[in-house]
Each structure stands twice: as C-alpha cells, then as structure tokens.
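K.L.:
Can you keep this structure in mind? I'll have questions shortly.
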Amino acid sequence: MEEYNGILARVPGQFVAQASHTLPPPELAEDGEHAVEIEAGHAGRVRIYYKRQRAKHGKHSHWFWVAVRAIAV
C-alpha cells in the first residue's frame, strides 16, 4: 500500500530543500519523523515531514533527509 504523502507533490522543490536545511545533521538526528513548517509560495504555509535515510556505497555510507509528506497548516 502506498503511504499517504498529503500535499507534498504540490510543494515546490525549492521549499522542500530550504526546509530540510533547518533540520539537524541527519547523521546526528534520532530516527523517526522530523517536521518543519515553512511558507511555500503558492502552496501556502505547510508542515513538511522528513525521515532520515542512509545510502551505502561499498564501505562508505552517508545519511540524508527525505521528505515523506506535507500538510497545509
């Protein structure tokens, strides 16, 4: 079953990226969802939820934020 992502598809990418920069470094953050509220242009004020993910490349890996859903506030 597909997860509910709210209005995430209607939030311009520049605002999703901008909001993610206010989160703590993903390698130091706790697991679970982290929320950020931002004024997102034509989408209005939204709360974007992020989860941290880990990418592995051989012996190396790094953490990064992924937006999973957004709601209007």
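In the structure tokens, the first chain shown is A, the next is B, and so on; residue numbers restart at 1 for each chain, and ligands run from 1 in the order shown.
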In chain A, what's strand (DSSP E or B) per DSSP? Answer as a PyMOL selection string?

P.N.:
chain A and resi 6+34-39+45-57+60-72

K.L.:
Which one of A:Pro26, A:Ile48, A:Ala17, A:Arg54 sits closest to Val68 (chain A) if you count only C-alpha atoms?

P.N.:
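Closest to Val68 (chain A) of all the choices is A:Ile48.
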
K.L.:
CA of Ala70 (chain A) to CA of Ala9 (chain A): how many Å, to one decimal?

P.N.:
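Straight-line distance from CA of Ala70 (chain A) to CA of Ala9 (chain A) works out to 8.5 Å.
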
K.L.:
Please determine, counting only C-alpha atoms, which residue among A:Glu27, A:Tyr4, A:Val73, A:Ala19 has the shortest atom-to-atom distance to Ser61 (chain A).

P.N.:
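Among the listed residues, the smallest separation from Ser61 (chain A) belongs to A:Glu27.
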
K.L.:
Return the single residue from A:His57, A:His34, A:Arg45, A:His62 that is closest to Ser20 (chain A), with distances computed using only C-alpha atoms.

P.N.:
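Closest residue, counting only C-alpha atoms: A:His34.
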